[in-house]
Amino acid sequence: MIFLSILILIVAKALPFFNNNISSISFTRISAIIFLYSGILSINSLYIQSIGSGIGIYSGLFHITQISQLIEFFILFIGCLILIGWPLIQTQGSKQIISYSTDYSLIVLFSSLGSSLLISSSDLVSMYLSIELQSFGLYILATLYRESESSTSAGLKYFLLGGLSSCLILLGAGLIYAYTGLTNFESIYSLISVSEINYIIQGLSLGLILIIVGFLFKISAAPLHNWSPDVYDDTPTIVTIWLTIMPKISILILLLELHTQIGFIGGLNSLTINTNGYAEILNSINLISTNNSGLQIIYNISLVSPLNVLSGENSIYLLKNILLISSLLSLIIGTVVGLAQTRIKRLLAYSTISHIGFILLALAINTEQSIDSLIFYIIQYTLTNLNIFLIILALSYIINQSIINKEKLNNQIKKLQTNSKMITDIRYISEFKGQFFSNPLISISLTICLFSMAGIPPLIGFFSKQFVLYSAVQSGYNFIALVAIIVSVISASYYLKIIRVLHTESLESHDGVTESKNSLLLENTNKESLNKYENSGILLTNFHSFLISTLTLSILFFILKPSLILNSTQLLSLSLFNF
């Protein structure tokens, strides 16, 4: 559906009649409808009887299951919400902004198509093509404002470092094929379970590790995180929403499937190393016999079966150790380095790194309970992060409009003409100063979201962290659970810093005399010369406001009706873990 829609939109843009008569806002709304309709089709496919065991399509390159369809619906639904909340940009004579918005909706469709294909990939070839289709759209989105030097720099940096991670993924896939001659995931899983040739499993494990590292690079997990704060800070806020949400969902779901299916590399607790350097599984059975005195004696006998998984004791848990080390570093770096940030999007980038640490911790544990907490954490992180960026976007529109009005009062029309094409995003935390007194409802919504990110009860963010920590303690990961609790307390300080600035009264609000003079000047200003710039302002749409309020209430009142999300995540975890 998305692919056919992309072709239709490309043809519509190529034809002068449609391109001249359909505005950029209409293209954006059409794209949002495409997302919504595609998501409905994904849900409708669940009624197919054979989808329970999975359906292979395109010669086995993709495997459609109930889990992949539900996650695809979630991705498309989030994409629909972002596009419907797109601002109404009214311009006169600025064709470049219109073309940016049109290209934005088309590129978003391409990137979302890659995300949808990635979660259904069942082959190394389809996996690599899907991740590249998703990434290429993001590289272009990062340079959405071609006149901005910082945006161009961010796009170039994202492209170069993203290409490096793609090279690691491609190298890992090449190693797996070189050692096994296989690219299909199911065949690789079967080979792992029955192979007794040591060097084949060594090459296979090395390839899988390179693929995992490449994906960790793309989700900005520490220590592979250095690119994300710079890229997030320099890209427009509307693009940062996609960079922090959409690609991470599909990659994390693919990592979840890989680690669940190949969990024995890092998930067995009964592996030992024999004198030949091979791994062995100890399966113990209990035999009950009766002695001469009539007493029953229980004998525990261990059955040893060689697997020849890896040569070396330290290599057996390498995959799980990579995830645990990355989780620990993400928790620490995302919290400690975030304390020193003064730019809002850099701070949120380090906040994202810290949350990735919680997700990787749940992924590394690899139990039914941890998978349940992982899926729930992804859902709450997506909703909360989406709401935060939508609020920042809304505040930037309001602040920009007030700045434009002040420029009008000062009769600086010429300066306004040169800068009207660019949308000035909020970059520094200090720009939030006094917003509670001018925009109380939006400020309260932002405060609720920040408290949720910090894990303050009874908000939804508290329960997501609680579930991950509980599963970690239950599985014996006490040290990293303690570290996660400590960094959660520390990270609350930089969320409180934003809240403090937000509720600090600005000095400009005390200057009532100046405000009254400005209002008189506004009435006397030449209306004809300012009418053009009143129409070129960025308006906050009604749906944008409605979306912010709905997400805020969901975060705030989750405790009143938690069964909908919790039951869904439990069913998904049980299905994935036992598949």
# chains A, B, ... in the order shown; residues from 1 in each chain; ligands from 1
$ closest_atom_pairs --of "region 172-252 of chain A" --to "region 46-68 of chain A" --cutoff "10 Å" --atoms "only C-alpha atoms" --output "JSON lines"
{"residue": "A:Thr183", "atom": "CA", "partner": "A:Leu61", "partner_atom": "CA", "distance": 9.3}
{"residue": "A:Asn184", "atom": "CA", "partner": "A:Leu61", "partner_atom": "CA", "distance": 7.4}
{"residue": "A:Phe185", "atom": "CA", "partner": "A:Leu61", "partner_atom": "CA", "distance": 9.3}
{"residue": "A:Glu186", "atom": "CA", "partner": "A:Gly60", "partner_atom": "CA", "distance": 9.7}
{"residue": "A:Ser250", "atom": "CA", "partner": "A:Ser68", "partner_atom": "CA", "distance": 9.6}
$ residues_around --residues "Phe558 (chain A)" --least-positions-apart "3" --cutoff "12 Å" --atoms "only C-alpha atoms" --output "PDB file with C-alpha atoms, in the first residue's frame"
ATOM      1  CA  GLN A 380       5.901   4.548  26.481  1.00  0.00           C
ATOM      2  CA  LEU A 383       4.522   8.326  23.167  1.00  0.00           C
ATOM      3  CA  THR A 384       6.353  10.464  25.718  1.00  0.00           C
ATOM      4  CA  SER A 452       7.383  10.797  33.156  1.00  0.00           C
ATOM      5  CA  PRO A 457       5.114   7.830  39.910  1.00  0.00           C
ATOM      6  CA  PRO A 458       2.310   7.362  38.988  1.00  0.00           C
ATOM      7  CA  LEU A 459       3.162   8.386  35.423  1.00  0.00           C
ATOM      8  CA  ILE A 460       3.696   5.828  32.671  1.00  0.00           C
ATOM      9  CA  GLY A 461       7.481   6.319  32.621  1.00  0.00           C
ATOM     10  CA  PHE A 462       7.744   5.083  36.211  1.00  0.00           C
ATOM     11  CA  PHE A 463       6.086   1.753  35.432  1.00  0.00           C
ATOM     12  CA  SER A 464       8.275   1.129  32.369  1.00  0.00           C
ATOM     13  CA  THR A 550      -4.394  13.535  24.273  1.00  0.00           C
ATOM     14  CA  LEU A 551      -0.855  12.236  24.722  1.00  0.00           C
ATOM     15  CA  THR A 552      -0.468  14.198  27.959  1.00  0.00           C
ATOM     16  CA  LEU A 553      -3.658  12.740  29.409  1.00  0.00           C
ATOM     17  CA  SER A 554      -2.544   9.244  28.356  1.00  0.00           C
ATOM     18  CA  ILE A 555       0.734   9.716  30.208  1.00  0.00           C
ATOM     19  CA  LYS A 561      -6.625   2.023  32.635  1.00  0.00           C
ATOM     20  CA  PRO A 562      -3.328   0.154  32.208  1.00  0.00           C
ATOM     21  CA  SER A 563      -4.749  -3.150  31.009  1.00  0.00           C
ATOM     22  CA  LEU A 564      -4.934  -2.216  27.310  1.00  0.00           C
ATOM     23  CA  ILE A 565      -1.187  -1.713  26.849  1.00  0.00           C
ATOM     24  CA  LEU A 566      -0.064  -4.260  29.435  1.00  0.00           C
TER      25      LEU A 566
END
$ closest_residue --among "A:Ile322, A:Leu81, A:Leu574, A:Ile241" --to "Thr352 (chain A)" --atoms "only C-alpha atoms"
A:Ile241
$ atom_distance --atom1 "CA of Ser545 (chain A)" --atom2 "CA of Ala394 (chain A)"
8.2 Å
$ closest_residue --among "A:Pro223, A:Pro229, A:Gly39, A:Gly357" --to "Lys465 (chain A)" --atoms "only C-alpha atoms"
A:Gly357
$ closest_residue --among "A:Ile253, A:Ile499, A:Ile6, A:Ala173" --to "Ser126 (chain A)" --atoms "only C-alpha atoms"
A:Ala173
$ closest_residue --among "A:Tyr470, A:Tyr397, A:Trp242, A:Phe437" --to "Asn385 (chain A)" --atoms "only C-alpha atoms"
A:Trp242
$ closest_residue --among "A:Val231, A:Ala340, A:Leu164, A:Leu446" --to "Ile388 (chain A)" --atoms "only C-alpha atoms"
A:Leu446
$ residues_around --residues "Thr424 (chain A)" --least-positions-apart "4" --cutoff "9 Å" --atoms "only C-alpha atoms" --output "ChimeraX atom specification"
/A:236,396-397,400
$ write_last_selection --atoms "N, CA and C atoms" --output "mmCIF file, in the first residue's frame"
data_model
loop_
_atom_site.group_PDB
_atom_site.id
_atom_site.type_symbol
_atom_site.label_atom_id
_atom_site.label_comp_id
_atom_site.auth_asym_id
_atom_site.auth_seq_id
_atom_site.Cartn_x
_atom_site.Cartn_y
_atom_site.Cartn_z
ATOM 1 N N PRO A 236 16.394 20.264 12.047
ATOM 2 C CA PRO A 236 15.134 20.877 12.492
ATOM 3 C C PRO A 236 14.361 19.951 13.428
ATOM 4 N N SER A 396 8.036 26.690 19.852
ATOM 5 C CA SER A 396 8.870 27.416 18.891
ATOM 6 C C SER A 396 8.010 28.242 17.942
ATOM 7 N N TYR A 397 6.837 27.718 17.538
ATOM 8 C CA TYR A 397 5.935 28.488 16.688
ATOM 9 C C TYR A 397 5.428 29.731 17.426
ATOM 10 N N ASN A 400 8.348 32.218 17.919
ATOM 11 C CA ASN A 400 8.690 32.852 16.648
ATOM 12 C C ASN A 400 7.648 33.890 16.250
#
$ atom_distance --atom1 "CA of Leu36 (chain A)" --atom2 "CA of Ile245 (chain A)"
17.5 Å
$ atom_distance --atom1 "CA of Leu540 (chain A)" --atom2 "CA of Ile429 (chain A)"
21.1 Å
$ closest_residue --among "A:Ser475, A:Ala454, A:Phe358, A:Leu347" --to "Arg427 (chain A)" --atoms "only C-alpha atoms"
A:Leu347
